[in-house]
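Heads up, start-v5.txt below (compact mmCIF, C-alpha atoms):
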```
# COMPACT_ATOMS: atom_id res chain seq x y z
CA MET A 567 4.73 47.92 96.64
CA LEU A 568 8.33 48.69 95.63
CA ALA A 569 7.80 46.68 92.49
CA HIS A 570 5.06 49.12 91.45
CA LEU A 571 6.80 52.24 92.77
CA ARG A 572 10.13 51.71 91.00
CA PRO A 573 8.85 51.76 87.39
CA ALA A 574 6.66 54.76 88.23
CA LEU A 575 9.68 56.70 89.54
CA VAL A 576 11.83 55.64 86.60
CA LEU A 577 9.13 56.75 84.15
CA PHE A 578 8.70 60.04 86.03
CA LEU A 579 12.43 60.80 85.91
CA LEU A 580 12.68 59.74 82.27
CA LEU A 581 9.77 61.92 81.17
CA SER A 582 11.05 64.82 83.28
CA ILE A 583 14.40 64.66 81.48
CA VAL A 584 12.84 64.28 78.03
CA THR A 585 10.11 66.89 78.34
CA GLY A 586 11.83 69.24 80.78
CA VAL A 587 15.39 69.24 79.42
CA VAL A 588 15.93 67.46 76.10
CA TYR A 589 12.82 68.74 74.29
CA PRO A 590 13.17 72.43 75.34
CA LEU A 591 16.88 72.42 74.44
CA ALA A 592 16.17 70.82 71.07
CA ILE A 593 13.39 73.27 70.22
CA THR A 594 15.50 76.22 71.37
CA GLY A 595 18.41 75.01 69.25
CA VAL A 596 16.24 74.60 66.16
CA ALA A 597 14.70 78.04 66.73
CA ARG A 598 18.08 79.73 67.06
CA VAL A 599 19.28 78.12 63.83
CA ALA A 600 16.14 78.44 61.70
CA PHE A 601 14.66 81.63 63.22
CA ALA A 602 17.63 83.34 64.86
CA ASP A 603 16.10 86.83 64.84
CA LYS A 604 12.74 85.81 66.27
CA ALA A 605 14.28 83.47 68.84
CA SER A 606 16.34 86.38 70.16
CA GLY A 607 13.34 88.66 70.61
CA SER A 608 13.27 90.33 67.17
CA ILE A 609 15.58 93.07 68.48
CA ILE A 610 16.02 96.22 66.41
CA ASN A 611 19.47 97.85 66.53
CA ALA A 612 20.46 101.41 65.68
CA ASN A 613 24.07 102.61 65.67
CA GLY A 614 25.12 99.26 67.04
CA LYS A 615 22.81 99.42 70.05
CA PRO A 616 19.48 97.68 70.71
CA VAL A 617 16.66 100.22 70.69
CA GLY A 618 13.61 97.98 70.89
CA SER A 619 11.80 95.00 69.48
CA SER A 620 9.82 94.82 66.27
CA LEU A 621 7.14 93.00 68.28
CA ILE A 622 6.54 95.59 71.01
CA GLY A 623 5.28 99.12 70.50
CA GLN A 624 6.91 102.22 71.92
CA GLU A 625 5.13 105.46 72.72
CA PHE A 626 6.23 108.15 70.27
CA GLY A 627 3.03 110.14 70.60
CA THR A 628 1.02 111.56 73.46
CA SER A 629 -2.52 112.19 74.64
CA ASP A 630 -1.45 115.48 76.22
CA PRO A 631 -2.02 118.43 73.82
CA ALA A 632 0.58 120.48 75.69
CA ALA A 633 3.29 117.92 74.88
CA ALA A 634 2.24 117.31 71.28
CA ALA A 635 4.37 119.99 69.60
CA ALA A 636 7.63 118.41 70.74
CA LEU A 637 6.58 115.07 69.23
CA ALA A 638 5.31 116.33 65.88
CA LYS A 639 8.32 115.00 63.95
CA TRP A 640 7.57 111.39 64.87
CA PHE A 641 5.05 108.95 63.53
CA TRP A 642 2.80 108.07 66.44
CA GLY A 643 1.78 104.50 67.12
CA ARG A 644 -1.30 103.20 68.82
CA THR A 645 -2.03 104.39 72.33
CA SER A 646 -0.48 102.07 74.89
CA ALA A 647 -2.63 100.26 77.42
CA ALA A 648 0.58 99.69 79.37
CA GLY A 649 1.77 103.30 79.35
CA PRO A 650 3.67 105.24 80.28
CA ALA A 651 6.07 102.28 80.21
CA PRO A 652 5.16 100.14 77.17
CA TYR A 653 7.85 97.58 77.95
CA THR A 654 6.44 96.84 81.38
CA ALA A 655 4.61 93.54 81.12
CA LEU A 656 3.05 94.08 84.55
CA ASN A 657 3.45 96.91 87.01
CA VAL A 658 1.01 96.42 89.85
CA GLU A 659 2.01 99.67 91.56
CA LYS A 660 1.12 101.77 88.50
CA GLY A 661 -1.74 99.55 87.43
CA THR A 662 -0.25 98.91 83.99
CA GLY A 663 0.24 95.68 82.12
CA SER A 664 0.22 93.95 78.77
CA SER A 665 -3.50 93.86 78.15
CA GLY A 666 -6.28 95.80 76.54
CA SER A 667 -8.25 98.34 78.53
CA ASN A 668 -11.46 96.31 78.08
CA LEU A 669 -13.40 99.56 78.00
CA ALA A 670 -16.73 99.31 76.19
CA PRO A 671 -17.45 101.73 73.31
CA THR A 672 -19.98 103.54 75.49
CA ASN A 673 -17.64 103.84 78.48
CA PRO A 674 -17.04 107.54 79.29
CA VAL A 675 -13.39 106.79 80.10
CA LEU A 676 -12.76 105.40 76.63
CA ILE A 677 -14.55 108.34 75.05
CA ASP A 678 -12.47 110.79 77.10
CA ASN A 679 -9.27 108.94 76.12
CA VAL A 680 -10.17 109.18 72.45
CA LYS A 681 -11.01 112.89 72.76
CA ALA A 682 -7.67 113.55 74.46
CA ARG A 683 -5.80 111.78 71.68
CA VAL A 684 -7.74 113.66 69.01
CA ALA A 685 -6.88 116.95 70.73
CA ALA A 686 -3.21 115.98 70.90
CA LEU A 687 -3.13 115.10 67.20
CA ALA A 688 -4.75 118.44 66.41
CA ALA A 689 -2.18 120.24 68.57
CA ALA A 690 0.67 118.49 66.77
CA ASP A 691 -0.78 119.58 63.41
CA ALA A 692 -1.16 123.15 64.63
CA ALA A 693 2.43 123.25 65.88
CA VAL A 694 3.74 122.79 62.33
CA GLN A 695 0.80 124.52 60.60
CA VAL A 696 -0.80 121.52 58.91
CA ASN A 697 -4.22 122.35 57.51
CA ARG A 698 -6.48 119.34 57.14
CA PRO A 699 -9.27 119.11 54.56
CA ALA A 700 -12.67 119.77 56.10
CA GLY A 701 -14.22 116.60 57.43
CA GLN A 702 -11.08 114.47 57.21
CA GLY A 703 -11.40 111.62 59.69
CA ILE A 704 -8.68 110.23 61.92
CA PRO A 705 -7.89 106.51 61.45
CA ILE A 706 -9.21 104.67 64.49
CA ASP A 707 -5.91 102.99 65.32
CA LEU A 708 -4.41 106.39 66.14
CA VAL A 709 -6.87 106.99 68.96
CA THR A 710 -7.36 103.49 70.41
CA SER A 711 -5.09 100.81 71.83
CA SER A 712 -4.84 97.27 70.51
CA GLY A 713 -5.99 94.10 72.24
CA SER A 714 -2.55 93.57 73.81
CA GLY A 715 -1.93 97.26 74.38
CA LEU A 716 1.56 96.80 72.92
CA ASP A 717 0.93 96.73 69.17
CA PRO A 718 4.04 98.00 67.29
CA HIS A 719 2.12 98.59 64.05
CA ILE A 720 -0.29 101.07 62.57
CA SER A 721 -2.31 100.82 59.39
CA PRO A 722 -1.05 102.41 56.16
CA ALA A 723 -4.00 104.82 56.49
CA ALA A 724 -2.78 105.91 59.93
CA ALA A 725 0.72 106.44 58.54
CA GLU A 726 -0.58 108.40 55.55
CA TYR A 727 -2.60 110.64 57.87
CA GLN A 728 0.61 111.65 59.63
CA VAL A 729 2.75 112.21 56.52
CA PRO A 730 1.96 115.96 56.16
CA ARG A 731 2.76 116.67 59.82
CA VAL A 732 5.99 114.66 59.90
CA ALA A 733 7.16 116.14 56.60
CA LYS A 734 6.61 119.72 57.78
CA ALA A 735 8.16 119.07 61.18
CA ARG A 736 11.29 117.64 59.55
CA GLY A 737 11.48 120.10 56.67
CA VAL A 738 11.33 117.47 53.92
CA SER A 739 8.89 116.77 51.13
CA GLU A 740 5.80 114.68 51.67
CA ASP A 741 6.89 112.43 48.82
CA THR A 742 10.13 111.64 50.66
CA VAL A 743 8.29 110.71 53.84
CA ARG A 744 5.64 108.81 51.90
CA GLY A 745 8.36 106.81 50.18
CA LEU A 746 9.72 105.69 53.56
CA VAL A 747 6.23 104.71 54.67
CA LEU A 748 5.80 102.60 51.55
CA LYS A 749 9.20 100.99 52.07
CA HIS A 750 8.26 99.98 55.61
CA THR A 751 4.76 98.76 54.81
CA VAL A 752 4.42 95.00 55.20
CA GLY A 753 1.68 93.26 53.25
CA ARG A 754 -0.62 90.44 54.25
CA THR A 755 1.01 87.21 55.41
CA MET A 756 1.15 84.85 52.43
CA GLY A 757 -0.88 87.45 50.60
CA VAL A 758 -4.15 86.64 52.36
CA LEU A 759 -3.78 86.70 56.15
CA GLY A 760 -4.21 89.90 58.15
CA GLU A 761 -3.93 93.45 56.84
CA PRO A 762 -0.99 95.56 55.60
CA VAL A 763 0.82 97.27 58.50
CA VAL A 764 3.62 99.72 59.19
CA ASN A 765 6.10 99.19 62.03
CA VAL A 766 6.30 102.55 63.79
CA LEU A 767 9.71 102.09 65.42
CA GLU A 768 11.34 100.95 62.18
CA LEU A 769 9.78 103.85 60.28
CA ASN A 770 10.95 106.45 62.80
CA LEU A 771 14.46 105.01 62.77
CA ALA A 772 14.45 105.23 58.97
CA LEU A 773 13.43 108.88 59.21
CA ASP A 774 16.33 109.63 61.53
CA ALA A 775 18.74 107.72 59.29
CA ALA A 776 17.57 109.66 56.25
CA ALA A 777 17.95 112.96 58.13
CA SER A 778 21.53 112.12 59.10
CA LYS A 779 22.44 111.67 55.41
CA ARG A 780 21.18 115.09 54.34
```
As structure tokens:
Amino acid sequence: MLAHLRPALVLFLLLSIVTGVVYPLAITGVARVAFADKASGSIINANGKPVGSSLIGQEFGTSDPAAAAALAKWFWGRTSAAGPAPYTALNVEKGTGSSGSNLAPTNPVLIDNVKARVAALAAADAAVQVNRPAGQGIPIDLVTSSGSGLDPHISPAAAEYQVPRVAKARGVSEDTVRGLVLKHTVGRTMGVLGEPVVNVLELNLALDAAASKR
């Protein structure tokens, strides 16, 4: 029996060391050398301090019309399914987590959420006296959350929709704001995969940086 048990234990220990220690350390080392930024969490720094990750969305907007005026100067991202704490992967007490709402299109809760966001966007426009063309639609990613609930990006259309409001709230020209949007628009991966997107945190930081130079 020992003759059969010994090689099994030796193989178990050997594989445990290789797959549980050597391989993870090797992969981590390669990642830190070849993809240092991504391996460290894709952290975004401002004024020498970490302010977030380019992979995780932060809530710059609101679904409360009463609070919209104070947030008019920011580009709003997608609604967070993990709010009000987007960085919380799982908070059982508050019932939040990194996941989509899984609400069907006909679910009254989803419809009410969308209506609240639409009202908040309208209130933000009104606060800085933005007059929209009759019948102008709101890009869907401004009123719905993503599959993960933590998407840091919006579409170029969603960014363009907000340009007039942000420009008026900050007292700058629309062309200036639009130029920053264009600068922070990332195209399709390898030119074919996915859709062009705008990182909301990076764009808002660029707005603040531009304001500090004026």
Wanna dump the stretch 608-724 of chain A-stretch 737-740 of chain A contacts at 12 Å for me, each residue with its shortest atom pair and the distance in Å to one decimal, counting all atoms listed in the file, ordered by chain and number, as a tab-separated table?
```
residue	atom	partner	partner_atom	distance
A:Ala638	CA	A:Gly737	CA	11.7
A:Lys639	CA	A:Gly737	CA	9.4
A:Val694	CA	A:Gly737	CA	10.0
A:Val696	CA	A:Glu740	CA	11.9
```
Kindly save the residues from that selection, with C-alpha atoms included, as a PDB file, in the frame of the given file.
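Listed below is the output, out12.pdb:
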```pdb
ATOM      1  CA  ALA A 638       5.310 116.330  65.880  1.00  0.00           C
ATOM      2  CA  LYS A 639       8.320 115.000  63.950  1.00  0.00           C
ATOM      3  CA  VAL A 694       3.740 122.790  62.330  1.00  0.00           C
ATOM      4  CA  VAL A 696      -0.800 121.520  58.910  1.00  0.00           C
TER       5      VAL A 696
END
```
Measuring between only C-alpha atoms, which one of A:Thr628, A:Thr742, A:Ser646, A:Thr710 shows the shortest distance to A:Ala777? A:Thr742
In terms of the shortest atom-to-atom distance over only C-alpha atoms, which of A:Leu676, A:Ala682, A:Gly745, A:Gly643 is closest to A:Val763?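 The shortest atom-to-atom distance to A:Val763 comes from A:Gly643.
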Interatomic distance between atom CA of A:Ala689 and atom CA of A:Leu771? 23.3 Å
I'd like the contact shell of A:Gln695 - 12 Å cut-off, only C-alpha atoms, skipping same-chain residues fewer than 4 positions apart - returned as a list of chain:residue names.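 In the requested form, the answer reads A:Ala635, A:Ala638, A:Ala688, A:Ala689, A:Ala690, A:Asp691, A:Pro730, A:Arg731, A:Val732, A:Ala733, A:Lys734, A:Ala735.
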Any idea what's packed within 9 Å of stretch 702-705 of chain A, counting all atoms listed in the file, ignoring anything in its chain fewer than 2 positions away? Could you give it as a list in words? Val684, Arg698, Pro699, Ala700, Asp707, Leu708, Val709, Ser721, Ala723, Ala724 and Tyr727 of chain A
Write the residues of the preceding selection, restricted to C-alpha atoms, as a tab-separated table (two decimals), in the frame of the given file.
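Once everything was written out, this is again-v1.tsv:
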```tsv
chain	number	residue	atom	x	y	z
A	684	VAL	CA	-7.74	113.66	69.01
A	698	ARG	CA	-6.48	119.34	57.14
A	699	PRO	CA	-9.27	119.11	54.56
A	700	ALA	CA	-12.67	119.77	56.10
A	707	ASP	CA	-5.91	102.99	65.32
A	708	LEU	CA	-4.41	106.39	66.14
A	709	VAL	CA	-6.87	106.99	68.96
A	721	SER	CA	-2.31	100.82	59.39
A	723	ALA	CA	-4.00	104.82	56.49
A	724	ALA	CA	-2.78	105.91	59.93
A	727	TYR	CA	-2.60	110.64	57.87
```
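Distance-wise, atom CA of A:Trp642 and atom CA of A:Ser714 end up 17.1 Å apart.
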Mind rebuilding stretch 590-606 of chain A with N, CA and C atoms and writing that out as a PDB file, in the frame of the given file?
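Okay, this is what ended up in selection_5.pdb:
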```
ATOM      1  N   PRO A 590      12.977  70.970  75.404  1.00  0.00           N
ATOM      2  CA  PRO A 590      13.170  72.430  75.340  1.00  0.00           C
ATOM      3  C   PRO A 590      14.502  72.834  74.701  1.00  0.00           C
ATOM      4  N   LEU A 591      15.588  72.102  75.022  1.00  0.00           N
ATOM      5  CA  LEU A 591      16.880  72.420  74.440  1.00  0.00           C
ATOM      6  C   LEU A 591      16.876  72.199  72.932  1.00  0.00           C
ATOM      7  N   ALA A 592      16.230  71.117  72.502  1.00  0.00           N
ATOM      8  CA  ALA A 592      16.170  70.820  71.070  1.00  0.00           C
ATOM      9  C   ALA A 592      15.379  71.886  70.320  1.00  0.00           C
ATOM     10  N   ILE A 593      14.224  72.255  70.867  1.00  0.00           N
ATOM     11  CA  ILE A 593      13.390  73.270  70.220  1.00  0.00           C
ATOM     12  C   ILE A 593      14.097  74.622  70.198  1.00  0.00           C
ATOM     13  N   THR A 594      14.763  74.958  71.319  1.00  0.00           N
ATOM     14  CA  THR A 594      15.500  76.220  71.370  1.00  0.00           C
ATOM     15  C   THR A 594      16.629  76.236  70.354  1.00  0.00           C
ATOM     16  N   GLY A 595      17.325  75.107  70.224  1.00  0.00           N
ATOM     17  CA  GLY A 595      18.410  75.010  69.250  1.00  0.00           C
ATOM     18  C   GLY A 595      17.912  75.168  67.830  1.00  0.00           C
ATOM     19  N   VAL A 596      16.818  74.488  67.500  1.00  0.00           N
ATOM     20  CA  VAL A 596      16.240  74.600  66.160  1.00  0.00           C
ATOM     21  C   VAL A 596      15.803  76.037  65.884  1.00  0.00           C
ATOM     22  N   ALA A 597      15.167  76.663  66.900  1.00  0.00           N
ATOM     23  CA  ALA A 597      14.700  78.040  66.730  1.00  0.00           C
ATOM     24  C   ALA A 597      15.851  78.994  66.483  1.00  0.00           C
ATOM     25  N   ARG A 598      16.946  78.823  67.208  1.00  0.00           N
ATOM     26  CA  ARG A 598      18.080  79.730  67.060  1.00  0.00           C
ATOM     27  C   ARG A 598      18.785  79.557  65.710  1.00  0.00           C
ATOM     28  N   VAL A 599      18.672  78.362  65.138  1.00  0.00           N
ATOM     29  CA  VAL A 599      19.280  78.120  63.830  1.00  0.00           C
ATOM     30  C   VAL A 599      18.349  78.568  62.706  1.00  0.00           C
ATOM     31  N   ALA A 600      17.080  78.162  62.791  1.00  0.00           N
ATOM     32  CA  ALA A 600      16.140  78.440  61.700  1.00  0.00           C
ATOM     33  C   ALA A 600      15.492  79.816  61.795  1.00  0.00           C
ATOM     34  N   PHE A 601      15.316  80.323  63.022  1.00  0.00           N
ATOM     35  CA  PHE A 601      14.660  81.630  63.220  1.00  0.00           C
ATOM     36  C   PHE A 601      15.460  82.446  64.229  1.00  0.00           C
ATOM     37  N   ALA A 602      16.719  82.701  63.905  1.00  0.00           N
ATOM     38  CA  ALA A 602      17.630  83.340  64.860  1.00  0.00           C
ATOM     39  C   ALA A 602      17.106  84.678  65.357  1.00  0.00           C
ATOM     40  N   ASP A 603      16.576  85.499  64.451  1.00  0.00           N
ATOM     41  CA  ASP A 603      16.100  86.830  64.840  1.00  0.00           C
ATOM     42  C   ASP A 603      14.920  86.745  65.793  1.00  0.00           C
ATOM     43  N   LYS A 604      13.937  85.934  65.435  1.00  0.00           N
ATOM     44  CA  LYS A 604      12.740  85.810  66.270  1.00  0.00           C
ATOM     45  C   LYS A 604      13.053  85.149  67.611  1.00  0.00           C
ATOM     46  N   ALA A 605      13.937  84.162  67.605  1.00  0.00           N
ATOM     47  CA  ALA A 605      14.280  83.470  68.840  1.00  0.00           C
ATOM     48  C   ALA A 605      15.001  84.387  69.827  1.00  0.00           C
ATOM     49  N   SER A 606      15.610  85.451  69.311  1.00  0.00           N
ATOM     50  CA  SER A 606      16.340  86.380  70.160  1.00  0.00           C
ATOM     51  C   SER A 606      15.517  87.594  70.551  1.00  0.00           C
TER      52      SER A 606
END
```
